[in-house]
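Student: One file: upload-v6.txt (compact mmCIF, C-alpha atoms).
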# COMPACT_ATOMS: atom_id res chain seq x y z
CA MET A 1 15.22 6.43 19.49
CA SER A 2 12.84 8.75 21.38
CA ASP A 3 13.43 9.37 25.08
CA VAL A 4 9.77 10.15 25.65
CA ALA A 5 9.36 6.87 27.49
CA SER A 6 11.98 7.75 30.09
CA ARG A 7 10.32 11.10 30.76
CA GLU A 8 6.81 9.76 31.06
CA TYR A 9 7.26 7.09 33.67
CA GLU A 10 9.62 5.83 36.27
CA VAL A 11 11.21 2.47 35.89
CA THR A 12 13.17 0.66 38.48
CA GLY A 13 16.72 0.08 37.41
CA THR A 14 16.05 -0.08 33.69
CA GLU A 15 16.66 2.44 30.94
CA ALA A 16 13.31 3.02 29.28
CA ARG A 17 13.03 2.90 25.52
CA ALA A 18 9.89 2.87 23.44
CA GLY A 19 8.32 -0.55 23.33
CA GLU A 20 10.76 -2.33 25.67
CA ILE A 21 8.83 -1.76 28.86
CA ALA A 22 5.40 -0.58 27.82
CA SER A 23 4.07 0.34 24.42
CA LEU A 24 3.53 4.04 23.76
CA ALA A 25 1.62 3.55 20.53
CA SER A 26 -1.95 4.66 19.98
CA VAL A 27 -4.44 2.92 17.68
CA SER A 28 -3.95 5.67 15.09
CA ASP A 29 -0.19 4.95 15.07
CA TYR A 30 -0.88 1.33 14.16
CA VAL A 31 -3.32 2.47 11.49
CA ALA A 32 -0.61 4.77 10.10
CA LEU A 33 1.71 1.74 9.82
CA LEU A 34 -0.70 0.30 7.27
CA LYS A 35 -0.14 3.22 4.84
CA PRO A 36 -3.88 3.89 4.42
CA ARG A 37 -3.51 5.92 1.22
CA VAL A 38 -1.66 3.09 -0.52
CA MET A 39 -4.23 0.65 0.89
CA SER A 40 -7.07 2.60 -0.68
CA LEU A 41 -5.50 2.39 -4.13
CA VAL A 42 -4.88 -1.34 -3.66
CA VAL A 43 -8.48 -1.92 -2.55
CA PHE A 44 -9.85 0.03 -5.50
CA THR A 45 -7.79 -1.82 -8.13
CA ALA A 46 -8.55 -5.16 -6.48
CA LEU A 47 -12.27 -4.34 -6.50
CA VAL A 48 -12.07 -3.72 -10.24
CA GLY A 49 -10.39 -7.10 -10.64
CA ILE A 50 -13.16 -8.78 -8.64
CA VAL A 51 -15.98 -7.05 -10.52
CA ARG A 52 -14.52 -7.61 -13.98
CA ALA A 53 -13.74 -11.31 -13.43
CA PRO A 54 -16.03 -13.77 -15.23
CA GLY A 55 -18.70 -15.66 -13.34
CA ASP A 56 -20.59 -14.75 -10.22
CA VAL A 57 -19.15 -14.37 -6.78
CA HIS A 58 -21.22 -14.02 -3.63
CA PRO A 59 -21.01 -10.47 -2.25
CA VAL A 60 -19.88 -11.75 1.16
CA ILE A 61 -17.04 -13.72 -0.44
CA ALA A 62 -16.11 -10.69 -2.55
CA PHE A 63 -16.10 -8.50 0.57
CA THR A 64 -13.95 -11.05 2.40
CA ALA A 65 -11.48 -11.13 -0.48
CA LEU A 66 -11.31 -7.34 -0.58
CA LEU A 67 -10.78 -7.18 3.19
CA CYS A 68 -7.96 -9.74 3.08
CA ILE A 69 -6.27 -7.96 0.17
CA ALA A 70 -6.53 -4.65 2.04
CA ILE A 71 -5.05 -6.12 5.21
CA GLY A 72 -2.32 -7.85 3.19
CA ALA A 73 -1.43 -4.51 1.60
CA GLY A 74 -1.39 -2.93 5.04
CA ALA A 75 0.89 -5.67 6.30
CA SER A 76 3.30 -4.94 3.45
CA GLY A 77 3.27 -1.28 4.46
CA ALA A 78 3.99 -2.10 8.10
CA LEU A 79 6.87 -4.40 7.17
CA ASN A 80 8.25 -1.70 4.88
CA MET A 81 8.07 0.86 7.69
CA TRP A 82 9.86 -1.58 10.00
CA TRP A 83 12.74 -2.17 7.61
CA ASP A 84 13.06 1.39 6.29
CA ALA A 85 12.85 3.20 9.65
CA ASP A 86 16.49 4.28 9.36
CA ILE A 87 16.12 5.96 5.98
CA ASP A 88 12.60 7.20 6.76
CA ALA A 89 14.14 9.21 9.61
CA LEU A 90 16.36 11.03 7.09
CA MET A 91 13.64 12.09 4.63
CA THR A 92 11.28 15.02 5.20
CA ARG A 93 8.45 13.12 3.54
CA THR A 94 8.69 10.16 5.90
CA ARG A 95 10.32 11.20 9.17
CA GLY A 96 6.94 11.69 10.82
CA ARG A 97 6.07 8.01 10.41
CA PRO A 98 5.41 6.08 13.63
CA VAL A 99 8.71 4.17 13.84
CA PRO A 100 11.24 6.92 13.03
CA ALA A 101 9.22 9.31 15.19
CA GLY A 102 9.56 6.92 18.14
CA ARG A 103 5.85 6.27 18.69
CA VAL A 104 6.06 2.61 17.67
CA ALA A 105 9.02 0.39 18.42
CA PRO A 106 10.57 -1.43 15.44
CA GLY A 107 9.76 -4.79 16.99
CA GLU A 108 6.12 -3.79 17.37
CA ALA A 109 5.90 -2.80 13.71
CA LEU A 110 7.51 -6.10 12.68
CA ALA A 111 5.18 -8.20 14.82
CA PHE A 112 2.17 -6.25 13.61
CA GLY A 113 3.17 -6.62 9.96
CA LEU A 114 3.94 -10.33 10.23
CA THR A 115 0.70 -11.07 12.09
CA LEU A 116 -1.39 -9.25 9.51
CA ALA A 117 0.52 -10.82 6.60
CA VAL A 118 0.06 -14.37 7.84
CA GLY A 119 -3.49 -13.71 8.97
CA SER A 120 -4.68 -12.12 5.74
CA VAL A 121 -3.21 -14.90 3.58
CA LEU A 122 -4.63 -17.63 5.83
CA VAL A 123 -8.10 -16.11 5.96
CA LEU A 124 -8.11 -15.54 2.18
CA GLY A 125 -7.09 -19.14 1.61
CA LEU A 126 -9.66 -20.55 4.05
CA LEU A 127 -12.63 -18.41 3.12
CA VAL A 128 -12.07 -17.68 -0.59
CA ASN A 129 -9.59 -19.83 -2.51
CA GLU A 130 -5.99 -20.97 -2.47
CA LEU A 131 -4.93 -19.31 -5.73
CA SER A 132 -5.79 -15.81 -4.53
CA ALA A 133 -4.13 -16.54 -1.17
CA ALA A 134 -0.97 -17.70 -2.93
CA LEU A 135 -0.95 -14.57 -5.12
CA LEU A 136 -1.46 -12.37 -2.05
CA ALA A 137 1.35 -14.14 -0.22
CA PHE A 138 3.64 -13.62 -3.20
CA THR A 139 2.64 -9.95 -3.43
CA ILE A 140 3.47 -9.36 0.23
CA PHE A 141 6.77 -11.24 -0.13
CA PHE A 142 7.65 -9.34 -3.29
CA TYR A 143 7.02 -5.94 -1.70
CA ALA A 144 8.53 -6.62 1.72
CA VAL A 145 11.54 -8.72 0.72
CA VAL A 146 12.33 -8.25 -2.97
CA TYR A 147 11.57 -4.51 -3.14
CA THR A 148 12.03 -3.20 0.41
CA MET A 149 14.89 -5.32 1.67
CA TRP A 150 16.79 -5.84 -1.58
CA LEU A 151 16.04 -3.63 -4.59
CA LYS A 152 15.22 -0.30 -2.97
CA ARG A 153 18.74 0.30 -1.62
CA THR A 154 20.69 -1.43 -4.39
CA THR A 155 19.45 -0.41 -7.82
CA PRO A 156 17.94 2.60 -9.59
CA GLN A 157 15.53 0.15 -11.21
CA ASN A 158 14.07 -0.48 -7.74
CA ILE A 159 10.61 0.94 -8.37
CA VAL A 160 10.40 -0.55 -11.87
CA ILE A 161 10.76 -4.14 -10.67
CA GLY A 162 9.32 -3.49 -7.23
CA GLY A 163 6.33 -1.79 -8.80
CA ALA A 164 5.05 -5.23 -9.74
CA ALA A 165 3.91 -5.56 -6.13
CA GLY A 166 1.47 -2.70 -6.63
CA ALA A 167 0.28 -4.21 -9.89
CA PHE A 168 -0.79 -7.55 -8.44
CA PRO A 169 -3.99 -6.54 -6.56
CA PRO A 170 -6.32 -6.64 -9.60
CA MET A 171 -4.95 -10.11 -10.39
CA VAL A 172 -5.53 -11.20 -6.80
CA GLY A 173 -9.08 -9.87 -6.93
CA TRP A 174 -9.69 -11.58 -10.28
CA ALA A 175 -8.36 -14.87 -8.89
CA ALA A 176 -10.53 -14.51 -5.79
CA ALA A 177 -13.67 -14.06 -7.89
CA SER A 178 -12.98 -16.50 -10.70
CA GLY A 179 -10.48 -19.01 -9.33
CA GLY A 180 -8.15 -18.32 -12.24
CA ILE A 181 -5.95 -15.78 -14.01
CA GLY A 182 -7.41 -14.16 -17.13
CA LEU A 183 -5.86 -12.19 -19.99
CA GLU A 184 -7.65 -9.03 -18.85
CA SER A 185 -6.24 -9.33 -15.33
CA VAL A 186 -2.75 -9.58 -16.84
CA ILE A 187 -3.46 -6.43 -18.88
CA LEU A 188 -4.58 -4.61 -15.73
CA PHE A 189 -1.33 -5.78 -14.11
CA LEU A 190 0.68 -4.41 -17.02
CA ILE A 191 -1.12 -1.05 -16.96
CA ILE A 192 -0.19 -0.50 -13.31
CA PHE A 193 3.31 -1.92 -13.88
CA PHE A 194 4.12 0.60 -16.64
CA TRP A 195 2.34 3.41 -14.76
CA THR A 196 4.54 3.00 -11.68
CA PRO A 197 7.88 4.33 -13.06
CA PRO A 198 6.60 7.68 -14.44
CA HIS A 199 4.50 8.11 -11.29
CA PHE A 200 7.32 7.55 -8.81
CA TRP A 201 10.09 9.16 -10.87
CA ALA A 202 8.00 12.33 -11.22
CA LEU A 203 7.91 12.42 -7.41
CA ALA A 204 11.60 11.61 -7.18
CA LEU A 205 12.47 14.48 -9.54
CA TYR A 206 11.35 17.08 -7.03
CA LYS A 207 12.36 15.06 -3.96
CA THR A 208 15.86 14.23 -5.17
CA GLY A 209 17.46 15.83 -2.13
CA ASP A 210 15.46 13.68 0.24
CA TYR A 211 16.43 10.44 -1.48
CA ALA A 212 20.07 11.50 -1.81
CA ARG A 213 20.24 12.31 1.91
CA ALA A 214 18.90 8.87 2.73
CA GLY A 215 21.22 7.13 0.29
CA VAL A 216 18.38 5.60 -1.72
CA PRO A 217 19.57 5.02 -5.33
CA MET A 218 16.54 6.52 -7.04
CA LEU A 219 17.14 7.19 -10.72
CA PRO A 220 17.52 10.99 -10.40
CA VAL A 221 20.13 10.49 -7.66
CA VAL A 222 22.16 7.89 -9.56
CA SER A 223 21.73 8.82 -13.21
CA GLY A 224 20.64 12.44 -12.99
CA ALA A 225 17.49 14.35 -13.86
CA ALA A 226 18.03 14.28 -17.65
CA GLU A 227 18.11 10.48 -17.82
CA THR A 228 15.10 10.30 -15.48
CA ARG A 229 13.09 12.62 -17.74
CA ARG A 230 14.00 10.48 -20.75
CA GLN A 231 12.88 7.29 -19.05
CA ILE A 232 9.66 8.89 -17.79
CA LEU A 233 8.84 9.75 -21.41
CA ILE A 234 9.69 6.25 -22.65
CA TYR A 235 7.53 4.52 -20.04
CA THR A 236 4.66 6.93 -20.70
CA LEU A 237 4.93 6.19 -24.44
CA VAL A 238 4.45 2.51 -23.56
CA LEU A 239 1.75 3.20 -20.98
CA THR A 240 -0.63 5.33 -23.04
CA PRO A 241 -1.37 2.75 -25.80
CA LEU A 242 -1.39 0.00 -23.18
CA GLY A 243 -4.15 1.86 -21.36
CA VAL A 244 -6.30 1.60 -24.51
CA VAL A 245 -5.79 -2.17 -24.93
CA PRO A 246 -8.90 -3.22 -22.93
CA TYR A 247 -11.00 -1.23 -25.41
CA ALA A 248 -8.98 -2.39 -28.44
CA LEU A 249 -9.50 -6.05 -27.48
CA GLY A 250 -13.21 -5.57 -26.90
CA MET A 251 -12.97 -6.12 -23.16
CA ALA A 252 -14.30 -2.66 -22.35
CA GLY A 253 -16.79 -0.37 -24.05
CA LEU A 254 -16.51 2.85 -26.04
CA ALA A 255 -16.70 5.01 -22.92
CA TYR A 256 -13.51 3.41 -21.67
CA GLY A 257 -11.94 3.87 -25.10
CA VAL A 258 -12.70 7.60 -25.04
CA VAL A 259 -11.49 8.08 -21.46
CA SER A 260 -8.32 6.03 -21.93
CA ILE A 261 -7.35 7.84 -25.14
CA ALA A 262 -8.09 11.32 -23.77
CA SER A 263 -6.43 10.83 -20.39
CA GLY A 264 -3.53 9.01 -22.02
CA ALA A 265 -2.99 11.98 -24.31
CA ILE A 266 -2.91 14.33 -21.31
CA MET A 267 -0.51 12.01 -19.49
CA LEU A 268 1.77 11.97 -22.53
CA ALA A 269 1.61 15.75 -22.89
CA LEU A 270 2.60 16.17 -19.24
CA ALA A 271 5.46 13.70 -19.68
CA VAL A 272 6.67 15.71 -22.69
CA GLU A 273 6.55 18.86 -20.52
CA VAL A 274 8.68 17.13 -17.88
CA TYR A 275 11.12 16.13 -20.64
CA ARG A 276 11.31 19.68 -22.02
CA ARG A 277 11.36 21.79 -18.82
CA ARG A 278 14.66 21.04 -17.13
CA GLU A 279 15.53 24.09 -15.04
CA GLY A 280 14.18 25.87 -12.00
CA ALA A 281 10.67 26.19 -10.70
CA ALA A 282 9.10 25.32 -14.07
CA ALA A 283 10.80 21.92 -14.02
CA ASP A 284 9.55 21.19 -10.49
CA ALA A 285 6.06 22.36 -11.40
CA ALA A 286 5.97 20.08 -14.45
CA ALA A 287 7.06 17.10 -12.34
CA LYS A 288 4.43 17.86 -9.70
CA ARG A 289 1.72 18.19 -12.37
CA LEU A 290 2.67 14.83 -13.88
CA PHE A 291 2.74 13.17 -10.44
CA ALA A 292 -0.68 14.56 -9.54
CA PHE A 293 -2.25 13.69 -12.87
CA SER A 294 -0.79 10.18 -12.85
CA ILE A 295 -2.92 9.43 -9.79
CA LEU A 296 -6.02 10.78 -11.52
CA TYR A 297 -5.14 8.86 -14.71
CA LEU A 298 -5.03 5.49 -12.99
CA PHE A 299 -8.14 6.26 -10.96
CA LEU A 300 -10.06 7.28 -14.11
CA LEU A 301 -9.10 4.15 -16.05
CA PHE A 302 -10.09 1.82 -13.24
CA ALA A 303 -13.22 3.77 -12.35
CA VAL A 304 -14.54 3.54 -15.91
CA LEU A 305 -13.65 -0.17 -16.00
CA LEU A 306 -15.66 -0.61 -12.81
CA VAL A 307 -18.73 1.19 -14.15
CA ASP A 308 -18.30 -0.65 -17.46
CA ALA A 309 -18.47 -3.99 -15.65
CA VAL A 310 -21.44 -3.05 -13.48
CA ARG A 311 -23.56 -1.22 -16.05
CA GLY A 312 -22.44 -2.99 -19.22
CA PRO A 313 -20.28 -1.62 -22.08
CA ALA A 314 -23.11 0.54 -23.51
CA TRP A 315 -23.76 2.37 -20.24
CA LEU A 316 -23.49 5.76 -21.86
CA GLY A 317 -25.99 4.77 -24.54
CA PHE A 318 -23.45 4.17 -27.29
CA MET B 1 21.63 6.97 35.26
CA ALA B 2 20.31 3.66 36.52
CA ASP B 3 20.45 5.04 40.12
CA ASP B 4 18.38 8.06 39.11
CA LYS B 5 15.77 5.70 37.83
CA ASN B 6 15.74 3.60 40.97
CA LYS B 7 12.69 5.23 42.49
CA LYS B 8 9.67 3.65 44.04
CA THR B 9 6.33 5.27 43.69
CA ASP B 10 3.96 4.76 46.58
CA GLY B 11 5.91 1.68 47.56
CA ALA B 12 5.22 0.08 44.18
CA ASP B 13 7.97 -1.82 42.42
CA GLY B 14 8.32 -2.09 38.65
CA VAL B 15 6.76 -0.10 35.83
CA VAL B 16 4.30 2.65 36.71
CA LEU B 17 2.37 3.90 33.69
CA THR B 18 1.01 7.40 33.28
CA GLU B 19 -2.70 7.97 32.72
CA GLU B 20 -2.03 8.66 29.03
CA GLN B 21 -0.22 5.35 28.61
CA LYS B 22 -3.03 3.52 30.38
CA ARG B 23 -5.53 5.22 28.08
CA ARG B 24 -3.58 4.18 25.01
CA ARG B 25 -3.25 0.62 26.25
CA ARG B 26 -7.01 0.46 26.82
CA ALA B 27 -7.65 1.80 23.32
CA ARG B 28 -5.30 -0.78 21.77
CA SER B 29 -6.93 -3.60 23.74
CA LEU B 30 -10.38 -2.44 22.67
CA ALA B 31 -9.28 -2.27 19.02
CA ILE B 32 -7.88 -5.82 19.21
CA ALA B 33 -11.10 -7.07 20.83
CA LEU B 34 -13.23 -5.45 18.13
CA VAL B 35 -11.09 -6.93 15.35
CA LEU B 36 -11.28 -10.41 16.88
CA GLY B 37 -15.03 -10.08 17.26
CA ALA B 38 -15.39 -8.97 13.66
CA LEU B 39 -13.28 -11.93 12.57
CA CYS B 40 -15.61 -14.30 14.44
CA VAL B 41 -18.63 -12.73 12.77
CA LEU B 42 -16.92 -12.93 9.37
CA PHE B 43 -16.16 -16.64 9.77
CA TYR B 44 -19.72 -17.32 10.92
CA VAL B 45 -21.31 -15.44 8.01
CA VAL B 46 -19.01 -16.97 5.39
CA THR B 47 -19.73 -20.44 6.79
CA ILE B 48 -23.45 -19.85 6.36
CA VAL B 49 -22.87 -18.55 2.84
CA LYS B 50 -20.73 -21.52 1.83
CA LEU B 51 -23.09 -24.08 3.36
CA GLY B 52 -25.98 -22.50 1.52
CA PRO B 53 -29.39 -21.23 2.63
CA GLY B 54 -30.70 -24.75 3.32
CA VAL B 55 -28.50 -25.02 6.39
CA LEU B 56 -30.98 -22.89 8.31
CA ASN B 57 -33.83 -25.37 7.60
CA ARG B 58 -33.38 -28.01 10.21
CA PRO B 59 -36.54 -29.75 11.30
CA LEU B 60 -36.34 -31.03 14.87
Can you present the structure in this file as structure tokens?

Tutor:
Amino acid sequence: MSDVASREYEVTGTEARAGEIASLASVSDYVALLKPRVMSLVVFTALVGIVRAPGDVHPVIAFTALLCIAIGAGASGALNMWWDADIDALMTRTRGRPVPAGRVAPGEALAFGLTLAVGSVLVLGLLVNELSAALLAFTIFFYAVVYTMWLKRTTPQNIVIGGAAGAFPPMVGWAAASGGIGLESVILFLIIFFWTPPHFWALALYKTGDYARAGVPMLPVVSGAAETRRQILIYTLVLTPLGVVPYALGMAGLAYGVVSIASGAIMLALAVEVYRRREGAAADAAAKRLFAFSILYLFLLFAVLLVDAVRGPAWLGF
Amino acid sequence: MADDKNKKTDGADGVVLTEEQKRRRRARSLAIALVLGALCVLFYVVTIVKLGPGVLNRPL
């Protein structure tokens, strides 16, 4: 734990540690606990769920739902940072986070996460509806307890099962807007669910050392790079046709069909490259390309779904 | 180590914060106040929305 506290002020008769006497955290440290980049993806996918749900929802209610989902996602991030502070300290990618860096005490992160989790679920239930609040509560529980506290350190299938937590936001948004769960919201869930493994395993392929040092049983650490490349390809083979399903079932227009087929083809090509290039810098470069494109792929699919819902399926004139 | 820390500053007993810590505490308190205020506004606006526009028509 950082000894900054003991250098910065004098305490009578007590050994100073961060958070025990006076908090050292700034507002930006608390914001960092929320994992803002993850929050933005959650908000975007939830917005698509809200917009694509049947029926009309008042903009203020929709905004409230989006705000609660965002805060709930942030709460999950804070709880994850509380629990994983020990392994975050061992990984180059995460050792600058507020808790391992000593800027926020573990107890502060826990209290912050729990307060936001309870608050976001309560507000969503009171101001929107109980179904969306229940789904949000389950999402937070699934990420913080099932994934973070159980699966992440015990199985190489951690991000496969745990990835469901990241797939729930469009369903929560759909439930907030419509009061129910529709087939399309389940399809959006499945798209994100099958997107998660190739996305995170591509990252893990070129960060294997980090995960190994921290003792996290990511697939490349446990089963090796070859098996990871094989599974990335398998999941991408499932993902690319799944991405086209909204168009195939008539839920989205031709523009979505074109974008989903084209971007899916690129995603598959990149996954094949990762499968083929197994040595040296070329292998790392292929993994990085797939990781970067996977973010663009998901963003493109959901962005076109959003425009499709707002402008209508024939928004490009065909 | 505890003896080294047994100092009194200007006769004050207990924790003495630096200016930076006081600044951070003020910033955190301000952020909490703003969030609570926004929450009050949110509840007020949503109540109006759920009650409907007729709630503002109240003849004396």

Student: Might you pull out every residue within 12 Å of Glu20 of chain B, with only C-alpha atoms counted and same-chain residues fewer than 2 positions away left off, and present them as an mmCIF file with C-alpha atoms, in the coordinates of the input?

Tutor:
data_model
loop_
_atom_site.group_PDB
_atom_site.id
_atom_site.type_symbol
_atom_site.label_atom_id
_atom_site.label_comp_id
_atom_site.auth_asym_id
_atom_site.auth_seq_id
_atom_site.Cartn_x
_atom_site.Cartn_y
_atom_site.Cartn_z
ATOM 1 C CA ALA A 5 9.360 6.870 27.490
ATOM 2 C CA GLU A 8 6.810 9.760 31.060
ATOM 3 C CA TYR A 9 7.260 7.090 33.670
ATOM 4 C CA ALA A 22 5.400 -0.580 27.820
ATOM 5 C CA SER A 23 4.070 0.340 24.420
ATOM 6 C CA LEU A 24 3.530 4.040 23.760
ATOM 7 C CA ALA A 25 1.620 3.550 20.530
ATOM 8 C CA SER A 26 -1.950 4.660 19.980
ATOM 9 C CA VAL B 16 4.300 2.650 36.710
ATOM 10 C CA LEU B 17 2.370 3.900 33.690
ATOM 11 C CA THR B 18 1.010 7.400 33.280
ATOM 12 C CA LYS B 22 -3.030 3.520 30.380
ATOM 13 C CA ARG B 23 -5.530 5.220 28.080
ATOM 14 C CA ARG B 24 -3.580 4.180 25.010
ATOM 15 C CA ARG B 25 -3.250 0.620 26.250
ATOM 16 C CA ARG B 26 -7.010 0.460 26.820
ATOM 17 C CA ALA B 27 -7.650 1.800 23.320
#

Student: Would you compute the distance between atom CA of Cys68 of chain A and atom CA of Leu124 of chain A? Give it in Å to one decimal.

Tutor: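 Result for atom CA of Cys68 of chain A versus atom CA of Leu124 of chain A: 5.9 Å, one decimal.
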
Student: Would you please work out which residue, of A:Ala101, A:Leu90, A:Ile50, A:Leu126, is nearest to chain B when using all atoms listed in the file?

Tutor: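 Nearest candidate to chain B out of A:Ala101, A:Leu90, A:Ile50, A:Leu126: A:Leu126.
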
Student: How far is it from atom CA of Ala309 of chain A to atom CA of Leu127 of chain A, in Å with one decimal?

Tutor: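 Spanning atom CA of Ala309 of chain A to atom CA of Leu127 of chain A is a straight-line distance of 24.4 Å.
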
Student: I'd like the contact shell of Thr47 of chain B - 12 Å cut-off, all atoms listed in the file, skipping same-chain residues fewer than 6 positions apart - returned as a PDB file with C-alpha atoms, in the frame of the given file.

Tutor:
ATOM      1  CA  VAL A  60     -19.880 -11.750   1.160  1.00  0.00           C
ATOM      2  CA  ILE A  61     -17.040 -13.720  -0.440  1.00  0.00           C
ATOM      3  CA  THR A  64     -13.950 -11.050   2.400  1.00  0.00           C
ATOM      4  CA  LEU A 126      -9.660 -20.550   4.050  1.00  0.00           C
ATOM      5  CA  LEU A 127     -12.630 -18.410   3.120  1.00  0.00           C
ATOM      6  CA  VAL A 128     -12.070 -17.680  -0.590  1.00  0.00           C
TER       7      VAL A 128
ATOM      8  CA  CYS B  40     -15.610 -14.300  14.440  1.00  0.00           C
ATOM      9  CA  VAL B  41     -18.630 -12.730  12.770  1.00  0.00           C
ATOM     10  CA  PRO B  53     -29.390 -21.230   2.630  1.00  0.00           C
ATOM     11  CA  VAL B  55     -28.500 -25.020   6.390  1.00  0.00           C
ATOM     12  CA  LEU B  56     -30.980 -22.890   8.310  1.00  0.00           C
TER      13      LEU B  56
END

Student: If we count all atoms listed in the file and set the cut-off at 7 Å, which residues sit around Ala177 of chain A, ignoring sequence neighbours fewer than 4 positions away in its own chain? Please answer as a VMD selection string.

Tutor: chain A and resid 50 53 57 62 173

Student: Measure the distance from atom CA of Arg52 of chain A to atom CA of Val49 of chain B in Å and round it to one decimal.

Tutor: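 Result for atom CA of Arg52 of chain A versus atom CA of Val49 of chain B: 21.7 Å, one decimal.
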
Student: Any idea what's packed within 12 Å of Thr148 of chain A, counting all atoms listed in the file, ignoring anything in its chain fewer than 4 positions away? Could you give it as a VMD selection string?

Tutor: chain A and resid 76 to 85 87 140 to 144 152 to 155 158 to 159 161 to 163 165 216

Student: Can you list, as an MDAnalysis selection string, every protein, DNA or RNA residue that comes within 10 Å of Val304 of chain A when you count only C-alpha atoms, leaving out same-chain residues fewer than 6 positions away?

Tutor: chainID A and resid 48 252:253 255:257 259:260 310 313

Student: Emit a file covering segment 60-71 of chain A of the preceding structure with N, CA, C and O atoms, as a PDB file, in the first residue's frame.

Tutor:
ATOM      1  N   VAL A  60     -37.465  11.543 -21.335  1.00  0.00           N
ATOM      2  CA  VAL A  60     -36.915  11.699 -19.975  1.00  0.00           C
ATOM      3  C   VAL A  60     -36.763  10.324 -19.326  1.00  0.00           C
ATOM      4  O   VAL A  60     -35.770  10.061 -18.632  1.00  0.00           O
ATOM      5  N   ILE A  61     -37.746   9.464 -19.527  1.00  0.00           N
ATOM      6  CA  ILE A  61     -37.661   8.105 -18.969  1.00  0.00           C
ATOM      7  C   ILE A  61     -36.517   7.347 -19.628  1.00  0.00           C
ATOM      8  O   ILE A  61     -35.768   6.611 -18.962  1.00  0.00           O
ATOM      9  N   ALA A  62     -36.379   7.513 -20.939  1.00  0.00           N
ATOM     10  CA  ALA A  62     -35.279   6.846 -21.655  1.00  0.00           C
ATOM     11  C   ALA A  62     -33.930   7.337 -21.133  1.00  0.00           C
ATOM     12  O   ALA A  62     -33.010   6.540 -20.907  1.00  0.00           O
ATOM     13  N   PHE A  63     -33.816   8.657 -20.929  1.00  0.00           N
ATOM     14  CA  PHE A  63     -32.576   9.212 -20.389  1.00  0.00           C
ATOM     15  C   PHE A  63     -32.300   8.660 -19.004  1.00  0.00           C
ATOM     16  O   PHE A  63     -31.166   8.302 -18.666  1.00  0.00           O
ATOM     17  N   THR A  64     -33.337   8.575 -18.180  1.00  0.00           N
ATOM     18  CA  THR A  64     -33.177   8.050 -16.820  1.00  0.00           C
ATOM     19  C   THR A  64     -32.689   6.610 -16.861  1.00  0.00           C
ATOM     20  O   THR A  64     -31.784   6.224 -16.104  1.00  0.00           O
ATOM     21  N   ALA A  65     -33.288   5.822 -17.754  1.00  0.00           N
ATOM     22  CA  ALA A  65     -32.872   4.421 -17.875  1.00  0.00           C
ATOM     23  C   ALA A  65     -31.410   4.326 -18.287  1.00  0.00           C
ATOM     24  O   ALA A  65     -30.634   3.550 -17.717  1.00  0.00           O
ATOM     25  N   LEU A  66     -31.041   5.139 -19.266  1.00  0.00           N
ATOM     26  CA  LEU A  66     -29.655   5.126 -19.757  1.00  0.00           C
ATOM     27  C   LEU A  66     -28.691   5.537 -18.642  1.00  0.00           C
ATOM     28  O   LEU A  66     -27.618   4.934 -18.481  1.00  0.00           O
ATOM     29  N   LEU A  67     -29.073   6.532 -17.870  1.00  0.00           N
ATOM     30  CA  LEU A  67     -28.226   7.003 -16.772  1.00  0.00           C
ATOM     31  C   LEU A  67     -28.039   5.908 -15.732  1.00  0.00           C
ATOM     32  O   LEU A  67     -26.918   5.642 -15.270  1.00  0.00           O
ATOM     33  N   CYS A  68     -29.134   5.238 -15.376  1.00  0.00           N
ATOM     34  CA  CYS A  68     -29.052   4.174 -14.363  1.00  0.00           C
ATOM     35  C   CYS A  68     -28.210   3.006 -14.876  1.00  0.00           C
ATOM     36  O   CYS A  68     -27.422   2.417 -14.121  1.00  0.00           O
ATOM     37  N   ILE A  69     -28.372   2.657 -16.147  1.00  0.00           N
ATOM     38  CA  ILE A  69     -27.580   1.561 -16.710  1.00  0.00           C
ATOM     39  C   ILE A  69     -26.099   1.947 -16.708  1.00  0.00           C
ATOM     40  O   ILE A  69     -25.225   1.126 -16.376  1.00  0.00           O
ATOM     41  N   ALA A  70     -25.810   3.196 -17.057  1.00  0.00           N
ATOM     42  CA  ALA A  70     -24.416   3.660 -17.058  1.00  0.00           C
ATOM     43  C   ALA A  70     -23.817   3.585 -15.654  1.00  0.00           C
ATOM     44  O   ALA A  70     -22.691   3.098 -15.461  1.00  0.00           O
ATOM     45  N   ILE A  71     -24.560   4.075 -14.670  1.00  0.00           N
ATOM     46  CA  ILE A  71     -24.061   4.061 -13.298  1.00  0.00           C
ATOM     47  C   ILE A  71     -23.923   2.626 -12.788  1.00  0.00           C
ATOM     48  O   ILE A  71     -22.975   2.286 -12.071  1.00  0.00           O
TER      49      ILE A  71
END
